[in-house]
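Visitor: Sending over a structure as structure tokens; questions will come in a sec.
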Amino acid sequence: MKLCIFEDETFENFYPITLTRPTFDLRCGHTLLYEKILRAFPDMETCFFLRPQLAPTFRKKVEGKSVNDLSALNDDILMINGRTLFMDTDIQAEGDEEIGIMDNTLVYARVKKQTLDKCRADSFEAVLKNIKQVLQKKETSVILISYLWELFHNNGKAIEDDFNKLPQKGIFGNMAEGAIIYGDRSKVHIGKGTEIQPHTIIETAGGPVIIDEDVTVTPFTRIEGPCSIGKGTILFGTKLREGSSIGPVCRVGGEIEESIIHGYSNKYHDGFLGHAYIGEWVNLGALTTNSDLKNDYGSVQVYIKGQLFDTNDTKVGCFIGDYTKTSIGILLNTGTSIGVLCILVASGGMLPKYIPSLTWYYKGKIAKGYGLETMLETVKTSMNRRKKELTEEDIELLRYIKRATQDERNTIVRKARTENN
Amino acid sequence: MASTEERVKQVIAKQLNVDISDVKDEARFIEDLGAESMQSLELIAAFEEEFDMSLDEDEAGKVKTVGQAVKFFEDLLEGKGNLT
């Protein structure tokens, strides 16, 4: 039997973060959504289905696994919608053929090879459609992530689940004298090669704390569980509050609350980040700060597919796409969405709530940037500093994003220019 | 009506705050006319407004001198260049 993890048609709800990765590659807790599914079915051969433009970069990431190859559907298959937050579900590999549905969305399908052979088609979407028509439906109940803010709101629970499922828990790194665990010590995992320097406080009353391998935590850092910190990250006197996950190889300071930093990003300096999801290779300048609560305690609106959408949620900060850089003193309003490869230069006020990919914000307006090819040189430099390379696949994806977002960019830049004249 | 060359040079002079007599064909935007990063972006915006078109940032970014800019817009207006 094989495992198939697929991305469904809701990927735009997760822009700008899913411009550069499939939905199941989003972080919730210490691990990514697809890693939680793989963990539940460790011995199963796996194939993935996702948007075609993302296949080359994702194929590189999961080397050896099948990506967007219909011929891999040649066995009994357990298909799982990749935006399922896979914790404590009753989805099993073994059992009768069926599809699990929640709110009219296919959560999983257990399909025999014979049925699959009858459902063959020339696209994965068509195969799935055929399966839906022939298999018995069963109502199921899982956490199906539908919007970015649901990731950080579920982050605490996901960290707790990740902590409970760690193969080995304990303190394997070095905790300096003067570093304190305030609360239950058994709720802390510190990986090998990690150094917790003096005057660090790790507080576990609210939940567990996972600190992965080769992390450095400098003095005056306060970590409130539930919290997770990825491999190779450095915390600089950070006030890391509950429900936050910092991915691998980040440089993080200031105050962070219930936020997710995907990985390889810098927020070195002071400034508040709350209820936010930050992509990879992002650099937040000193004192970059986002609001995550309106003064009237009303629900926060977010731009999705060009329209303002009511989140029905009072705590939503910002979403920042990969490779974006902010200057010192950037102020972001509640529910702000910033695309991929943007440069934001502070002008004193709040930024607009939506800034399209590959633009600059400066002197209080959105403008076209230098162009992708120039920006790629800067990206290569910042990645080389972390001993990573911008691959040809990454470049092709960014060129695709440039083309795909061109009309939106032109429209918004023109509108901004008219409004400012 | 002003020629394309005159329009391009007027935009450059105004945007970079330089005398029109300094806007010679061989003048380089960065080294000779002092167009730093932000000014380059403003220059692209000013050209888009002057010629009422959306430029491809990568194509515009290849233009390094005044003479190249004149040729760039002449080609575009004759339908030889790329818009977005």
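Naming works like this for the structure tokens: A, B, ... for the chains as they're shown, residue 1 at the start of each chain, ligands 1 onward in shown order.
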Using only C-alpha atoms, find the residues of chain B whose closest atom to chain A is at most 7 Å away, then write them as a list of chain:residue names.
Guide: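 Close enough to count are B:Leu41, B:Ser54, B:Glu57, B:Asp58, B:Gly61.
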Visitor: For the selection you just gave me, I'd like the residues written to a file as a compact mmCIF listing (two decimals), in the first residue's frame, keeping N, CA, C and O atoms.
Guide:
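Resulting contents of part_10.txt:
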```
# COMPACT_ATOMS: atom_id res chain seq x y z
N LEU B 41 14.06 53.62 -9.48
CA LEU B 41 12.67 53.18 -9.43
C LEU B 41 11.73 54.32 -9.81
O LEU B 41 10.75 54.14 -10.55
N SER B 54 3.11 50.05 -19.25
CA SER B 54 3.72 49.29 -18.16
C SER B 54 4.99 48.64 -18.66
O SER B 54 4.95 47.86 -19.61
N GLU B 57 10.21 45.35 -15.66
CA GLU B 57 11.29 45.86 -14.81
C GLU B 57 12.65 45.31 -15.23
O GLU B 57 13.66 46.02 -15.18
N ASP B 58 12.67 44.04 -15.63
CA ASP B 58 13.96 43.45 -16.02
C ASP B 58 14.49 44.06 -17.30
O ASP B 58 15.68 44.30 -17.44
N GLY B 61 15.62 47.54 -16.52
CA GLY B 61 16.84 47.50 -15.72
C GLY B 61 18.11 47.33 -16.55
O GLY B 61 19.22 47.62 -16.09
```
Visitor: Excluding stretch 232-243 of chain A and any residue of its chain fewer than 4 positions from it, enumerate the residues within 7 Å of it, using only C-alpha atoms, and give them as a ChimeraX atom specification.
Guide: /A:155-156,213-227,248-259
Visitor: Would you mind telling me which residue in B:Val70, B:Leu77, B:Ser21, B:Glu59 lies nearest to B:Glu5 when using only C-alpha atoms?
Guide: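 Closest residue, counting only C-alpha atoms: B:Val70.
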Visitor: Could you pull out the residues in chain B that DSSP calls helix (DSSP H, G or I) from the backbone, as a count of residues only?
Guide: 48
Visitor: Of the candidates A:Ile196, A:Cys47, A:Ala205, A:Ile210, which one gets nearest to A:Lys169 if we count only C-alpha atoms?
Guide: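 Residue with the minimum atom-to-atom distance to A:Lys169: A:Ile210.
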Visitor: Contacts of A:Val134 at 10 Å or less, counting only C-alpha atoms, minus same-chain residues fewer than 2 places along, as a list in words?
Guide: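 Counting only C-alpha atoms, the residues come to Glu98, Ile99, Thr115, Lys118, Cys119, Lys129, Asn130, Ile131, Lys132, Gln136 and Lys137 of chain A.
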Visitor: Could you dump the residues just selected with N, CA and C atoms as a compact mmCIF listing (two decimals), in the first residue's frame?
Guide:
```
# COMPACT_ATOMS: atom_id res chain seq x y z
N GLU A 98 -13.08 3.63 1.11
CA GLU A 98 -14.01 4.71 1.46
C GLU A 98 -13.33 6.05 1.25
N ILE A 99 -14.17 7.09 1.19
CA ILE A 99 -13.58 8.42 1.23
C ILE A 99 -14.13 9.15 2.46
N THR A 115 -9.96 -0.48 -8.10
CA THR A 115 -10.82 0.71 -8.23
C THR A 115 -10.06 1.83 -8.91
N LYS A 118 -9.90 1.66 -12.54
CA LYS A 118 -11.13 2.08 -13.21
C LYS A 118 -11.27 3.62 -13.21
N CYS A 119 -10.55 4.26 -12.32
CA CYS A 119 -10.68 5.72 -12.17
C CYS A 119 -9.57 6.49 -12.87
N LYS A 129 -11.67 13.07 -8.84
CA LYS A 129 -13.09 13.27 -9.15
C LYS A 129 -13.77 11.92 -9.42
N ASN A 130 -13.08 11.06 -10.17
CA ASN A 130 -13.64 9.74 -10.47
C ASN A 130 -13.78 8.91 -9.20
N ILE A 131 -12.78 8.99 -8.34
CA ILE A 131 -12.83 8.22 -7.09
C ILE A 131 -14.02 8.68 -6.25
N LYS A 132 -14.24 10.00 -6.21
CA LYS A 132 -15.36 10.54 -5.42
C LYS A 132 -16.69 9.99 -5.91
N GLN A 136 -17.77 4.92 -1.46
CA GLN A 136 -18.70 5.28 -0.39
C GLN A 136 -18.11 6.42 0.45
N LYS A 137 -18.98 7.37 0.81
CA LYS A 137 -18.50 8.51 1.59
C LYS A 137 -18.78 8.31 3.08
```
Visitor: Using only C-alpha atoms, which protein or nucleic acid residues come within 10 Å of stretch 56-62 of chain A? Drop anything in the same chain fewer than 5 positions from it, and give the result as a PDB file with C-alpha atoms, in the first residue's frame.
Guide:
```pdb
ATOM      1  CA  THR A  20       6.617  29.150  -3.319  1.00  0.00           C
ATOM      2  CA  ARG A  21       5.555  25.886  -1.670  1.00  0.00           C
ATOM      3  CA  PRO A  22       2.631  23.460  -1.626  1.00  0.00           C
ATOM      4  CA  ASP A  25       4.727  22.114   3.140  1.00  0.00           C
ATOM      5  CA  CYS A  47       3.890  10.091  -3.621  1.00  0.00           C
ATOM      6  CA  PHE A  48       2.907  13.756  -3.738  1.00  0.00           C
ATOM      7  CA  LEU A  50       0.816  19.509  -6.198  1.00  0.00           C
ATOM      8  CA  VAL A  67       6.121  13.946  -7.268  1.00  0.00           C
ATOM      9  CA  ASN A  68       3.258  14.529  -9.747  1.00  0.00           C
ATOM     10  CA  THR A 391      18.949  26.490  -7.481  1.00  0.00           C
ATOM     11  CA  GLU A 392      17.890  26.663 -11.118  1.00  0.00           C
ATOM     12  CA  GLU A 393      14.552  25.213  -9.966  1.00  0.00           C
ATOM     13  CA  ASP A 394      14.125  28.065  -7.468  1.00  0.00           C
ATOM     14  CA  ILE A 395      14.928  30.611 -10.165  1.00  0.00           C
ATOM     15  CA  GLU A 396      12.445  29.097 -12.603  1.00  0.00           C
ATOM     16  CA  LEU A 397       9.763  29.174  -9.919  1.00  0.00           C
TER      17      LEU A 397
END
```
Visitor: Please determine, counting only C-alpha atoms, which residue among B:Gly79, B:Ala45, B:Gln39, B:Val23 has the shortest atom-to-atom distance to B:Val66.
Guide: B:Val23
Visitor: May I ask for the distance between atom CA of A:Thr194 and atom CA of A:Asn174, given in Å to one decimal place?
Guide: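 Here the two named atoms are 6.1 Å from each other.
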Visitor: For B:Ala35, work out the shell of residues within 12 Å, counting only C-alpha atoms and skipping chain neighbours fewer than 2 positions away, then give it as a list in words.
Guide: Ile12, Ala13, Gln15, Leu16, Asn17, Val18, Ala27, Arg28, Phe29, Ile30, Glu31, Asp32, Leu33, Ser37, Met38, Gln39, Ser40, Leu41, Glu42, Leu43, Ile44, Lys64, Thr65 and Val66 of chain B
Visitor: Can I get the selected residues back with N, CA and C atoms, as a compact mmCIF listing (two decimals), in the first residue's frame?
Guide:
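File selection15.txt, as written:
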```txt
# COMPACT_ATOMS: atom_id res chain seq x y z
N ILE B 12 14.21 62.42 -17.67
CA ILE B 12 15.44 62.15 -16.90
C ILE B 12 15.88 63.41 -16.15
N ALA B 13 15.88 64.54 -16.85
CA ALA B 13 16.34 65.79 -16.23
C ALA B 13 15.47 66.14 -15.03
N GLN B 15 13.40 64.14 -13.27
CA GLN B 15 13.37 63.12 -12.22
C GLN B 15 14.67 63.10 -11.42
N LEU B 16 15.79 63.28 -12.12
CA LEU B 16 17.08 63.21 -11.42
C LEU B 16 17.58 64.60 -11.01
N ASN B 17 16.75 65.59 -11.32
CA ASN B 17 17.07 66.97 -10.93
C ASN B 17 18.44 67.40 -11.48
N VAL B 18 18.64 67.16 -12.76
CA VAL B 18 19.89 67.59 -13.40
C VAL B 18 19.54 68.51 -14.57
N ALA B 27 25.74 59.61 -21.29
CA ALA B 27 25.70 59.73 -19.82
C ALA B 27 25.11 58.45 -19.20
N ARG B 28 25.84 57.93 -18.16
CA ARG B 28 25.36 56.73 -17.46
C ARG B 28 24.50 57.15 -16.27
N PHE B 29 23.41 56.41 -16.09
CA PHE B 29 22.44 56.82 -15.06
C PHE B 29 23.06 56.88 -13.67
N ILE B 30 23.80 55.83 -13.31
CA ILE B 30 24.31 55.77 -11.94
C ILE B 30 25.55 56.65 -11.79
N GLU B 31 26.56 56.35 -12.61
CA GLU B 31 27.86 57.00 -12.43
C GLU B 31 27.84 58.49 -12.77
N ASP B 32 27.15 58.86 -13.86
CA ASP B 32 27.22 60.25 -14.33
C ASP B 32 26.05 61.10 -13.84
N LEU B 33 24.88 60.48 -13.70
CA LEU B 33 23.70 61.28 -13.35
C LEU B 33 23.26 61.06 -11.90
N SER B 37 19.54 53.84 -6.07
CA SER B 37 18.51 52.80 -6.19
C SER B 37 17.08 53.35 -6.24
N MET B 38 16.75 54.21 -5.29
CA MET B 38 15.38 54.74 -5.23
C MET B 38 15.06 55.58 -6.47
N GLN B 39 16.05 56.37 -6.89
CA GLN B 39 15.80 57.24 -8.04
C GLN B 39 15.58 56.42 -9.32
N SER B 40 16.26 55.28 -9.42
CA SER B 40 16.04 54.42 -10.59
C SER B 40 14.59 53.98 -10.65
N LEU B 41 14.06 53.62 -9.48
CA LEU B 41 12.67 53.18 -9.43
C LEU B 41 11.73 54.32 -9.81
N GLU B 42 12.05 55.51 -9.32
CA GLU B 42 11.20 56.67 -9.63
C GLU B 42 11.28 57.01 -11.11
N LEU B 43 12.46 56.78 -11.67
CA LEU B 43 12.64 57.06 -13.10
C LEU B 43 11.77 56.11 -13.93
N ILE B 44 11.76 54.84 -13.55
CA ILE B 44 10.92 53.87 -14.27
C ILE B 44 9.45 54.29 -14.18
N LYS B 64 21.29 51.29 -19.32
CA LYS B 64 22.30 51.89 -18.43
C LYS B 64 22.64 53.34 -18.78
N THR B 65 22.37 53.74 -20.04
CA THR B 65 22.73 55.11 -20.43
C THR B 65 21.52 55.82 -21.03
N VAL B 66 21.66 57.12 -21.17
CA VAL B 66 20.58 57.93 -21.75
C VAL B 66 20.30 57.48 -23.19
```
Visitor: Between A:Pro16, A:Met1, A:Thr84, A:Leu32, which residue has the minimum interatomic distance to A:Lys113, considering only C-alpha atoms?
Guide: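 For A:Lys113, the nearest of the given residues is A:Met1.
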Visitor: If we count only C-alpha atoms and set the cut-off at 12 Å, which residues sit around A:Lys2, ignoring sequence neighbours fewer than 3 positions away in its own chain? Please answer as a ChimeraX atom specification.
Guide: /A:5,38,41-48,65-66,72-80,93-94,109-113
Visitor: For the residues in the current selection, export C-alpha atoms as a PDB file, in the first residue's frame.
Guide:
```pdb
ATOM      1  CA  ILE A   5      -0.379  13.364  -0.090  1.00  0.00           C
ATOM      2  CA  LEU A  38       4.700  10.785   6.988  1.00  0.00           C
ATOM      3  CA  PHE A  41       2.741   6.155   8.210  1.00  0.00           C
ATOM      4  CA  PRO A  42       6.521   5.750   8.451  1.00  0.00           C
ATOM      5  CA  ASP A  43       6.942   2.638   6.351  1.00  0.00           C
ATOM      6  CA  MET A  44       4.736   3.521   3.407  1.00  0.00           C
ATOM      7  CA  GLU A  45       6.064   4.469   0.006  1.00  0.00           C
ATOM      8  CA  THR A  46       4.876   8.023  -0.623  1.00  0.00           C
ATOM      9  CA  CYS A  47       3.890  10.091  -3.621  1.00  0.00           C
ATOM     10  CA  PHE A  48       2.907  13.756  -3.738  1.00  0.00           C
ATOM     11  CA  LYS A  65       9.956  10.387  -3.559  1.00  0.00           C
ATOM     12  CA  SER A  66       7.486  10.494  -6.409  1.00  0.00           C
ATOM     13  CA  ALA A  72       2.923   6.014  -9.023  1.00  0.00           C
ATOM     14  CA  LEU A  73      -0.786   5.299  -8.420  1.00  0.00           C
ATOM     15  CA  ASN A  74      -0.202   1.602  -9.112  1.00  0.00           C
ATOM     16  CA  ASP A  75      -1.067   0.025  -5.778  1.00  0.00           C
ATOM     17  CA  ASP A  76      -3.686   0.241  -3.058  1.00  0.00           C
ATOM     18  CA  ILE A  77      -3.497   3.874  -1.973  1.00  0.00           C
ATOM     19  CA  LEU A  78      -4.258   5.951   1.062  1.00  0.00           C
ATOM     20  CA  MET A  79      -4.748   9.497  -0.230  1.00  0.00           C
ATOM     21  CA  ILE A  80      -4.623  12.312   2.304  1.00  0.00           C
ATOM     22  CA  ALA A  93      -4.142   2.756   6.170  1.00  0.00           C
ATOM     23  CA  GLU A  94      -5.988  -0.545   6.537  1.00  0.00           C
ATOM     24  CA  ALA A 109      -9.527   8.231   0.337  1.00  0.00           C
ATOM     25  CA  ARG A 110      -8.681   4.587   0.845  1.00  0.00           C
ATOM     26  CA  VAL A 111      -8.669   3.032  -2.597  1.00  0.00           C
ATOM     27  CA  LYS A 112      -7.870  -0.464  -3.878  1.00  0.00           C
ATOM     28  CA  LYS A 113      -5.752  -0.808  -6.980  1.00  0.00           C
TER      29      LYS A 113
END
```
Visitor: Just list as a list of chain:residue names whatever in chain B DSSP marks as strand (DSSP E or B).
Guide: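 Written out, the strand (DSSP E or B) residues of chain B are B:Arg28, B:Leu55, B:Thr65, B:Leu83.
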Visitor: Just how far from atom CA of A:Gly193 is atom CA of A:Gly173, in Å to one decimal?
Guide: 5.2 Å
Visitor: Please identify all polymer residues within 12 Å of A:Glu419, counting only C-alpha atoms, omitting same-chain residues fewer than 6 positions from it, and present them as number ranges by chain.
Guide: A: 364-366, 412-413
